[in-house]
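Novice: work-v3.csv is reproduced below (CSV, C-alpha atoms and all ligand atoms).
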chain,number,residue,atom,x,y,z
A,1284,MET,CA,13.4,18.7,8.9
A,1285,SER,CA,12.1,22.2,8.3
A,1286,GLY,CA,9.6,21.6,5.4
A,1287,LEU,CA,5.9,20.8,5.4
A,1288,PHE,CA,4.5,17.5,4.2
A,1289,ILE,CA,0.8,17.4,3.1
A,1290,SER,CA,-0.9,14.3,1.7
A,1291,PHE,CA,-4.3,13.7,0.1
A,1292,GLU,CA,-6.0,10.3,0.5
A,1293,GLY,CA,-9.3,8.8,-0.6
A,1294,GLY,CA,-10.8,6.3,-2.9
A,1295,GLU,CA,-10.8,6.4,-6.7
A,1296,GLY,CA,-12.5,9.4,-8.1
A,1297,SER,CA,-12.7,11.2,-4.8
A,1298,GLY,CA,-10.9,14.3,-6.3
A,1299,LYS,CA,-7.5,14.0,-4.8
A,1300,THR,CA,-5.7,14.9,-8.0
A,1301,THR,CA,-7.8,18.0,-8.6
A,1302,GLN,CA,-7.4,19.1,-5.0
A,1303,SER,CA,-3.6,18.4,-5.0
A,1304,ASP,CA,-3.3,20.5,-8.2
A,1305,MET,CA,-5.3,23.3,-6.8
A,1306,LEU,CA,-3.3,23.4,-3.6
A,1307,VAL,CA,0.0,23.4,-5.5
A,1308,ALA,CA,-1.2,26.3,-7.7
A,1309,ARG,CA,-2.3,28.3,-4.7
A,1310,LEU,CA,0.9,27.7,-2.8
A,1311,GLU,CA,2.9,28.7,-5.8
A,1312,ALA,CA,0.9,31.9,-6.2
A,1313,GLU,CA,0.8,32.9,-2.5
A,1314,CYS,CA,3.9,31.5,-0.9
A,1315,SER,CA,7.5,31.9,-1.7
A,1316,ARG,CA,8.6,28.4,-0.6
A,1317,ARG,CA,9.5,25.6,-3.1
A,1318,VAL,CA,6.5,23.3,-3.7
A,1319,VAL,CA,7.0,19.7,-4.8
A,1320,ARG,CA,4.0,17.7,-6.1
A,1321,LEU,CA,4.1,13.9,-5.9
A,1322,HIS,CA,1.7,11.1,-7.0
A,1323,GLU,CA,2.2,7.7,-5.6
A,1324,PRO,CA,3.3,5.3,-6.9
A,1325,GLY,CA,5.8,7.3,-8.9
A,1326,GLY,CA,8.1,10.3,-8.5
A,1327,THR,CA,11.4,8.5,-9.2
A,1328,PRO,CA,12.5,6.3,-12.1
A,1329,LEU,CA,11.8,3.1,-10.2
A,1330,GLY,CA,8.4,4.5,-8.9
A,1331,GLU,CA,7.3,5.4,-12.4
A,1332,TYR,CA,8.3,2.0,-13.7
A,1333,ILE,CA,6.4,0.2,-10.9
A,1334,ARG,CA,3.4,2.4,-11.6
A,1335,ASP,CA,3.3,1.6,-15.3
A,1336,TRP,CA,4.0,-2.0,-14.7
A,1337,VAL,CA,1.4,-2.5,-12.0
A,1338,LYS,CA,-1.3,-0.7,-14.0
A,1339,ALA,CA,-0.6,-2.7,-17.1
A,1340,GLN,CA,-1.3,-6.1,-15.3
A,1341,SER,CA,-4.7,-7.5,-15.8
A,1342,ALA,CA,-4.1,-10.7,-13.7
A,1343,PRO,CA,-4.0,-10.1,-9.9
A,1344,LEU,CA,-0.5,-10.0,-8.3
A,1345,THR,CA,0.1,-11.8,-5.1
A,1346,LEU,CA,-0.8,-9.6,-2.2
A,1347,GLN,CA,2.7,-9.7,-0.8
A,1348,ALA,CA,4.3,-8.8,-4.1
A,1349,GLU,CA,1.9,-5.9,-4.4
A,1350,LEU,CA,2.7,-4.7,-0.9
A,1351,LEU,CA,6.4,-4.8,-1.6
A,1352,LEU,CA,6.2,-3.1,-5.0
A,1353,PHE,CA,4.3,-0.1,-3.5
A,1354,THR,CA,6.6,0.2,-0.6
A,1355,ALA,CA,9.7,-0.2,-2.8
A,1356,SER,CA,8.5,2.7,-4.8
A,1357,ARG,CA,7.9,4.7,-1.5
A,1358,ALA,CA,11.4,3.8,-0.1
A,1359,GLU,CA,13.0,5.4,-3.2
A,1360,LEU,CA,10.7,8.4,-3.0
A,1361,VAL,CA,11.3,9.1,0.6
A,1362,GLN,CA,15.1,8.8,0.5
A,1363,ARG,CA,15.7,10.5,-2.9
A,1364,VAL,CA,13.0,13.2,-2.9
A,1365,ILE,CA,10.8,13.7,0.2
A,1366,ARG,CA,13.5,13.7,2.9
A,1367,PRO,CA,16.0,15.9,1.0
A,1368,GLU,CA,13.2,18.3,0.0
A,1369,LEU,CA,11.9,18.6,3.5
A,1370,ASP,CA,15.4,19.2,4.7
A,1371,LYS,CA,15.7,22.1,2.3
A,1372,GLY,CA,12.4,23.5,3.6
A,1373,ALA,CA,10.1,22.6,0.7
A,1374,ILE,CA,6.4,22.0,0.9
A,1375,ILE,CA,5.5,18.5,-0.4
A,1376,VAL,CA,2.0,17.9,-1.7
A,1377,ALA,CA,1.5,14.1,-2.1
A,1378,ASP,CA,-1.4,12.5,-4.0
A,1379,ARG,CA,-1.4,9.3,-1.9
A,1380,TYR,CA,1.3,8.1,0.6
A,1381,ALA,CA,1.8,5.3,3.1
A,1382,ASP,CA,-1.8,5.4,4.3
A,1383,SER,CA,-2.9,4.2,0.9
A,1384,THR,CA,-0.9,1.0,1.5
A,1385,THR,CA,-2.4,0.5,5.0
A,1386,VAL,CA,-5.9,0.8,3.6
A,1387,TYR,CA,-5.6,-0.9,0.2
A,1388,GLN,CA,-3.2,-3.7,1.0
A,1389,GLY,CA,-4.3,-4.1,4.6
A,1390,ASN,CA,-7.9,-3.2,5.2
A,1391,ALA,CA,-9.2,-3.8,1.7
A,1392,ARG,CA,-7.1,-6.7,0.4
A,1393,GLY,CA,-6.7,-8.3,3.8
A,1394,LEU,CA,-3.0,-8.5,4.4
A,1395,PRO,CA,-2.3,-8.6,8.2
A,1396,LEU,CA,-2.0,-5.0,9.3
A,1397,ASP,CA,1.2,-5.7,11.3
A,1398,GLU,CA,2.9,-6.8,8.1
A,1399,VAL,CA,1.7,-3.7,6.2
A,1400,LYS,CA,2.9,-1.6,9.1
A,1401,ALA,CA,6.4,-3.2,9.0
A,1402,ALA,CA,6.7,-2.6,5.3
A,1403,ASN,CA,5.6,1.0,5.7
A,1404,ALA,CA,8.0,1.5,8.5
A,1405,ILE,CA,10.9,0.4,6.3
A,1406,ALA,CA,9.7,2.5,3.3
A,1407,THR,CA,8.9,5.7,5.2
A,1408,GLY,CA,11.8,5.6,7.6
A,1409,GLY,CA,9.5,7.4,10.0
A,1410,VAL,CA,8.7,10.2,7.6
A,1411,TRP,CA,4.9,10.9,7.8
A,1412,PRO,CA,2.8,13.8,6.7
A,1413,ASP,CA,2.2,16.8,8.9
A,1414,LEU,CA,-1.3,17.0,7.5
A,1415,THR,CA,-3.5,14.5,5.6
A,1416,PHE,CA,-6.7,15.3,3.9
A,1417,LEU,CA,-9.2,12.5,3.5
A,1418,LEU,CA,-11.6,13.1,0.6
A,1419,ASP,CA,-14.4,11.0,1.9
A,1420,THR,CA,-17.2,9.7,-0.2
A,1421,ALA,CA,-19.5,6.7,-0.6
A,1422,PRO,CA,-18.0,4.2,-3.1
A,1423,GLY,CA,-20.9,4.4,-5.6
A,1424,ALA,CA,-20.7,8.2,-5.8
A,1425,SER,CA,-17.0,8.2,-6.3
A,1426,LEU,CA,-17.1,5.6,-9.0
A,1427,ARG,CA,-19.7,7.6,-11.0
A,1428,ARG,CA,-17.4,10.5,-10.7
A,1429,VAL,CA,-14.4,8.9,-12.3
A,1430,GLY,CA,-16.8,8.1,-15.2
A,1431,VAL,CA,-16.9,4.4,-14.7
A,1432,GLN,CA,-20.3,3.2,-15.9
A,1433,THR,CA,-22.0,0.9,-13.5
A,1434,SER,CA,-24.2,-2.1,-13.9
A,1435,PHE,CA,-25.7,-4.6,-11.4
A,1436,ASP,CA,-24.8,-8.3,-11.2
A,1437,GLN,CA,-27.2,-11.0,-10.3
A,1438,GLU,CA,-26.9,-10.4,-6.6
A,1439,GLY,CA,-27.7,-6.7,-7.1
A,1440,ARG,CA,-24.2,-5.5,-6.5
A,1441,VAL,CA,-22.9,-2.6,-8.5
A,1442,VAL,CA,-20.4,-3.7,-11.1
A,1443,PRO,CA,-18.2,-1.1,-12.7
A,1444,ILE,CA,-17.8,-1.2,-16.5
A,1445,PRO,CA,-14.7,0.5,-17.8
A,1446,ARG,CA,-15.2,3.5,-20.1
A,1447,PRO,CA,-15.3,2.2,-23.7
A,1448,ASN,CA,-12.3,4.3,-24.9
A,1449,ASP,CA,-10.1,3.8,-21.8
A,1450,THR,CA,-7.0,2.2,-23.0
A,1451,GLU,CA,-5.4,2.1,-19.5
A,1452,LYS,CA,-6.2,-1.1,-17.7
A,1453,ARG,CA,-8.3,-0.1,-14.7
A,1454,ARG,CA,-7.5,-3.0,-12.5
A,1455,PHE,CA,-8.0,-1.2,-9.3
A,1456,GLU,CA,-11.2,0.6,-10.3
A,1457,ASN,CA,-12.8,-2.6,-11.5
A,1458,LEU,CA,-13.0,-4.1,-8.1
A,1459,ASP,CA,-16.4,-4.5,-6.5
A,1460,THR,CA,-18.1,-2.0,-4.2
A,1461,ALA,CA,-17.4,-4.2,-1.1
A,1462,PHE,CA,-13.7,-3.5,-1.7
A,1463,HIS,CA,-14.3,0.2,-2.1
A,1464,GLN,CA,-16.4,0.2,1.1
A,1465,ARG,CA,-13.5,-1.4,3.0
A,1466,VAL,CA,-11.2,1.3,1.6
A,1467,ARG,CA,-13.5,4.0,2.9
A,1468,ASP,CA,-13.9,2.3,6.3
A,1469,GLY,CA,-10.2,1.9,6.6
A,1470,TYR,CA,-9.5,5.5,5.9
A,1471,ARG,CA,-12.1,6.7,8.4
A,1472,ARG,CA,-10.6,4.4,11.0
A,1473,LEU,CA,-7.1,5.9,10.5
A,1474,ALA,CA,-8.5,9.4,10.6
A,1475,LYS,CA,-10.3,8.7,13.8
A,1476,ALA,CA,-7.2,7.2,15.4
A,1477,GLU,CA,-5.0,10.2,14.5
A,1478,PRO,CA,-7.2,13.3,14.5
A,1479,ARG,CA,-4.4,15.8,14.8
A,1480,ARG,CA,-3.0,14.7,11.4
A,1481,TRP,CA,-6.2,14.0,9.5
A,1482,VAL,CA,-8.8,16.3,8.2
A,1483,VAL,CA,-11.9,14.5,6.8
A,1484,LEU,CA,-13.7,16.4,4.0
A,1485,ASP,CA,-16.9,15.5,2.3
A,1486,ALA,CA,-15.7,14.8,-1.3
A,1487,LEU,CA,-19.1,15.4,-2.8
A,1488,GLN,CA,-19.0,19.2,-2.1
A,1489,GLU,CA,-18.1,21.6,-4.9
A,1490,VAL,CA,-14.5,21.5,-5.8
A,1491,GLU,CA,-14.0,25.2,-4.8
A,1492,THR,CA,-15.6,24.6,-1.4
A,1493,ILE,CA,-13.3,21.7,-0.7
A,1494,HIS,CA,-10.3,23.8,-1.8
A,1495,ALA,CA,-11.3,26.6,0.6
A,1496,GLN,CA,-11.4,24.1,3.4
A,1497,VAL,CA,-8.0,22.7,2.5
A,1498,TRP,CA,-6.5,26.1,2.1
A,1499,GLU,CA,-7.8,27.2,5.5
A,1500,ARG,CA,-6.0,24.3,7.2
A,1501,VAL,CA,-2.8,24.7,5.2
A,1502,GLN,CA,-2.6,28.4,5.9
A,1503,GLY,CA,-2.7,27.6,9.6
A,1504,LEU,CA,0.6,25.6,9.2
A,1505,LEU,CA,2.4,28.2,7.0
A,1506,ALA,CA,4.8,30.4,8.9
A,1507,PRO,CA,3.8,34.1,8.8
B,1601,LIG,P1,-4.1,5.9,-9.6
B,1601,LIG,O1,-4.5,5.9,-11.1
B,1601,LIG,O2,-3.1,6.8,-9.2
B,1601,LIG,O3,-5.4,6.2,-8.8
B,1601,LIG,P2,-5.8,7.4,-8.0
B,1601,LIG,O4,-5.9,8.5,-9.0
B,1601,LIG,O5,-7.1,7.0,-7.3
B,1601,LIG,O6,-4.6,7.6,-7.0
B,1601,LIG,O7,-3.9,4.4,-9.2
B,1601,LIG,C1,-3.3,4.2,-8.0
B,1601,LIG,C2,-4.0,2.9,-7.5
B,1601,LIG,O8,-3.0,2.2,-6.7
B,1601,LIG,C3,-5.2,3.2,-6.7
B,1601,LIG,O9,-6.2,2.3,-7.0
B,1601,LIG,C4,-4.7,2.8,-5.3
B,1601,LIG,C5,-3.6,1.9,-5.5
B,1601,LIG,N1,-2.6,1.9,-4.4
B,1601,LIG,C6,-2.5,0.9,-3.6
B,1601,LIG,O10,-3.2,-0.2,-3.7
B,1601,LIG,N2,-1.5,0.9,-2.6
B,1601,LIG,C7,-0.6,2.0,-2.5
B,1601,LIG,O11,0.2,2.0,-1.6
B,1601,LIG,C8,-0.8,3.1,-3.4
B,1601,LIG,C9,0.1,4.3,-3.3
B,1601,LIG,C10,-1.8,3.0,-4.3
Represent the supplied structure as structure tokens.

Specialist:
Amino acid sequence: MSGLFISFEGGEGSGKTTQSDMLVARLEAECSRRVVRLHEPGGTPLGEYIRDWVKAQSAPLTLQAELLLFTASRAELVQRVIRPELDKGAIIVADRYADSTTVYQGNARGLPLDEVKAANAIATGGVWPDLTFLLDTAPGASLRRVGVQTSFDQEGRVVPIPRPNDTEKRRFENLDTAFHQRVRDGYRRLAKAEPRRWVVLDALQEVETIHAQVWERVQGLLAP
């Protein structure tokens, strides 16, 4: 495969989507290679269907079903989009990939990590990013950033309240801060275990500052 695969990971409101958009725009402006932007789950008809369906559910799914839905979406995406595009030399910019499953379904929701790893192995077929940016931030700060109002429950824990006009069911974002802390810890553990692939960036910096750090690393991987 001759392409380049870059992913962004992090909790809700960490700025992944903004940074993915900025990187795609910069690549399109400064580099002649084809750029493909992806957002997981999604990117194929099945992936978009799963995304809409999962987001519309207010009752929790079984953990196993959730794992298999996310990885089913990824299997389609890898075989129908990512692998063929990489073979043609494209640059893929993914807003979430298999590391999201490790962290959300494994570390945060508590499925055994070997089961998550097995599902990810089937879904990815061994296709992993060349470079992954972790937009790292403390859970409270990132929740404020997505505009989720917060309150405190009787034990003093922060409880997010959905934005009043938000029609989309924010199932994932309504989970408690302990969940988001496990997400953060899980990501940091992955980054530490594989430092050649991961770049950890402080997500509370200015958007332009983060983009400059991203661009510096990406430039290092672009052929002259
Ligand atoms: P989305 O609205 O895309 O959130 P974000 O902008 O933060 O990416 O919703 C995706 C949600 O799905 C997010 O809460 C993380 C979750 N998710 C998983 O639990 N497992 C996965 O494998 C993926 C890709 C996402």

Novice: Find the nearest atom pair between each residue of chain A and ligand LIG 1601 (chain B) for residues within 9 Å, count only C-alpha atoms and all ligand atoms, give distances in Å to one decimal, sort rows by chain and ascending number, and present the table as a tab-separated table.

Specialist:
residue	atom	partner	partner_atom	distance
A:Glu1292	CA	B:LIG1601	O6	8.1
A:Gly1293	CA	B:LIG1601	O5	7.3
A:Gly1294	CA	B:LIG1601	O5	5.8
A:Glu1295	CA	B:LIG1601	O5	3.8
A:Gly1296	CA	B:LIG1601	O5	6.0
A:Ser1297	CA	B:LIG1601	O5	7.4
A:Gly1298	CA	B:LIG1601	O4	8.1
A:Lys1299	CA	B:LIG1601	O4	7.1
A:Thr1300	CA	B:LIG1601	O4	6.5
A:His1322	CA	B:LIG1601	O2	6.8
A:Glu1323	CA	B:LIG1601	C9	4.6
A:Pro1324	CA	B:LIG1601	C9	4.9
A:Gly1325	CA	B:LIG1601	C9	8.5
A:Arg1334	CA	B:LIG1601	C1	7.8
A:Val1337	CA	B:LIG1601	O8	8.3
A:Lys1338	CA	B:LIG1601	O7	7.5
A:Glu1349	CA	B:LIG1601	O10	7.7
A:Leu1350	CA	B:LIG1601	O11	7.2
A:Leu1352	CA	B:LIG1601	O11	8.6
A:Phe1353	CA	B:LIG1601	O11	5.0
A:Thr1354	CA	B:LIG1601	O11	6.7
A:Ser1356	CA	B:LIG1601	C9	8.7
A:Arg1357	CA	B:LIG1601	C9	8.0
A:Asp1378	CA	B:LIG1601	O6	6.6
A:Arg1379	CA	B:LIG1601	C9	5.4
A:Tyr1380	CA	B:LIG1601	C9	5.6
A:Ala1381	CA	B:LIG1601	O11	6.0
A:Asp1382	CA	B:LIG1601	O11	7.1
A:Ser1383	CA	B:LIG1601	O11	4.5
A:Thr1384	CA	B:LIG1601	O11	3.4
A:Thr1385	CA	B:LIG1601	O11	7.3
A:Val1386	CA	B:LIG1601	N2	7.6
A:Tyr1387	CA	B:LIG1601	O10	4.6
A:Gln1388	CA	B:LIG1601	O10	5.9
A:Ala1391	CA	B:LIG1601	O10	8.8
A:Arg1392	CA	B:LIG1601	O10	8.6
A:Arg1453	CA	B:LIG1601	O1	8.0
A:Arg1454	CA	B:LIG1601	O9	7.7
A:Phe1455	CA	B:LIG1601	O9	4.6
A:Glu1456	CA	B:LIG1601	O9	6.2

Novice: Based on the selection just made, write C-alpha atoms of those residues as a short mmCIF file (atom, residue, chain, number, x, y, z; two decimals), in the frame of the given file.

Specialist:
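Ended up saving to part.cif:
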data_model
loop_
_atom_site.label_atom_id
_atom_site.label_comp_id
_atom_site.auth_asym_id
_atom_site.auth_seq_id
_atom_site.Cartn_x
_atom_site.Cartn_y
_atom_site.Cartn_z
CA GLU A 1292 -6.00 10.30 0.50
CA GLY A 1293 -9.30 8.80 -0.60
CA GLY A 1294 -10.80 6.30 -2.90
CA GLU A 1295 -10.80 6.40 -6.70
CA GLY A 1296 -12.50 9.40 -8.10
CA SER A 1297 -12.70 11.20 -4.80
CA GLY A 1298 -10.90 14.30 -6.30
CA LYS A 1299 -7.50 14.00 -4.80
CA THR A 1300 -5.70 14.90 -8.00
CA HIS A 1322 1.70 11.10 -7.00
CA GLU A 1323 2.20 7.70 -5.60
CA PRO A 1324 3.30 5.30 -6.90
CA GLY A 1325 5.80 7.30 -8.90
CA ARG A 1334 3.40 2.40 -11.60
CA VAL A 1337 1.40 -2.50 -12.00
CA LYS A 1338 -1.30 -0.70 -14.00
CA GLU A 1349 1.90 -5.90 -4.40
CA LEU A 1350 2.70 -4.70 -0.90
CA LEU A 1352 6.20 -3.10 -5.00
CA PHE A 1353 4.30 -0.10 -3.50
CA THR A 1354 6.60 0.20 -0.60
CA SER A 1356 8.50 2.70 -4.80
CA ARG A 1357 7.90 4.70 -1.50
CA ASP A 1378 -1.40 12.50 -4.00
CA ARG A 1379 -1.40 9.30 -1.90
CA TYR A 1380 1.30 8.10 0.60
CA ALA A 1381 1.80 5.30 3.10
CA ASP A 1382 -1.80 5.40 4.30
CA SER A 1383 -2.90 4.20 0.90
CA THR A 1384 -0.90 1.00 1.50
CA THR A 1385 -2.40 0.50 5.00
CA VAL A 1386 -5.90 0.80 3.60
CA TYR A 1387 -5.60 -0.90 0.20
CA GLN A 1388 -3.20 -3.70 1.00
CA ALA A 1391 -9.20 -3.80 1.70
CA ARG A 1392 -7.10 -6.70 0.40
CA ARG A 1453 -8.30 -0.10 -14.70
CA ARG A 1454 -7.50 -3.00 -12.50
CA PHE A 1455 -8.00 -1.20 -9.30
CA GLU A 1456 -11.20 0.60 -10.30
#

Novice: One decimal, in Å: what's the spacing between atom CA of Met1305 of chain A and atom CA of Pro1367 of chain A?

Specialist: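 The value is 23.9 Å.
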
Novice: Pick from A:Gly1326, A:Gly1372, A:Gly1393, A:Ser1341: nearest to Leu1360 of chain A, with only C-alpha atoms counted?

Specialist: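 Residue with the minimum atom-to-atom distance to Leu1360 of chain A: A:Gly1326.
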
Novice: Nearest to Gly1409 of chain A among A:Asn1390, A:Ser1285, A:Ile1375, A:Arg1366, with distances taken over all atoms listed in the file: which residue is it?

Specialist: A:Arg1366

Novice: What is the distance between atom CA of Ala1421 of chain A and atom CA of Glu1477 of chain A, in Å to one decimal?

Specialist: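 According to the coordinates, atom CA of Ala1421 of chain A and atom CA of Glu1477 of chain A are separated by 21.2 Å.
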
Novice: Could you pull out every residue with an atom within 7 Å of (9.9, 13.9, -8.2), file coordinates, counting only C-alpha atoms, and send them as a list of chain:residue names?

Specialist: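 Residues with an atom at most 7 Å from (9.9, 13.9, -8.2): A:Leu1321, A:Gly1326, A:Thr1327, A:Val1364.
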
Novice: Nearest residue to Ala1373 of chain A out of A:Val1483, A:Val1318, A:Val1501, A:Ile1405, using only C-alpha atoms?

Specialist: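 Distance minimum relative to Ala1373 of chain A lands on A:Val1318.
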
Novice: Nearest to Thr1420 of chain A among A:Gln1464, A:Ser1290, A:Ser1303, A:Ser1315, with distances taken over all atoms listed in the file: which residue is it?

Specialist: A:Gln1464

Novice: Find, counting all atoms listed in the file, the residue in A:Leu1329, A:Leu1417, A:Val1399, A:Leu1473 that gets nearest to Gln1302 of chain A.

Specialist: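 Closest residue, counting all atoms listed in the file: A:Leu1417.
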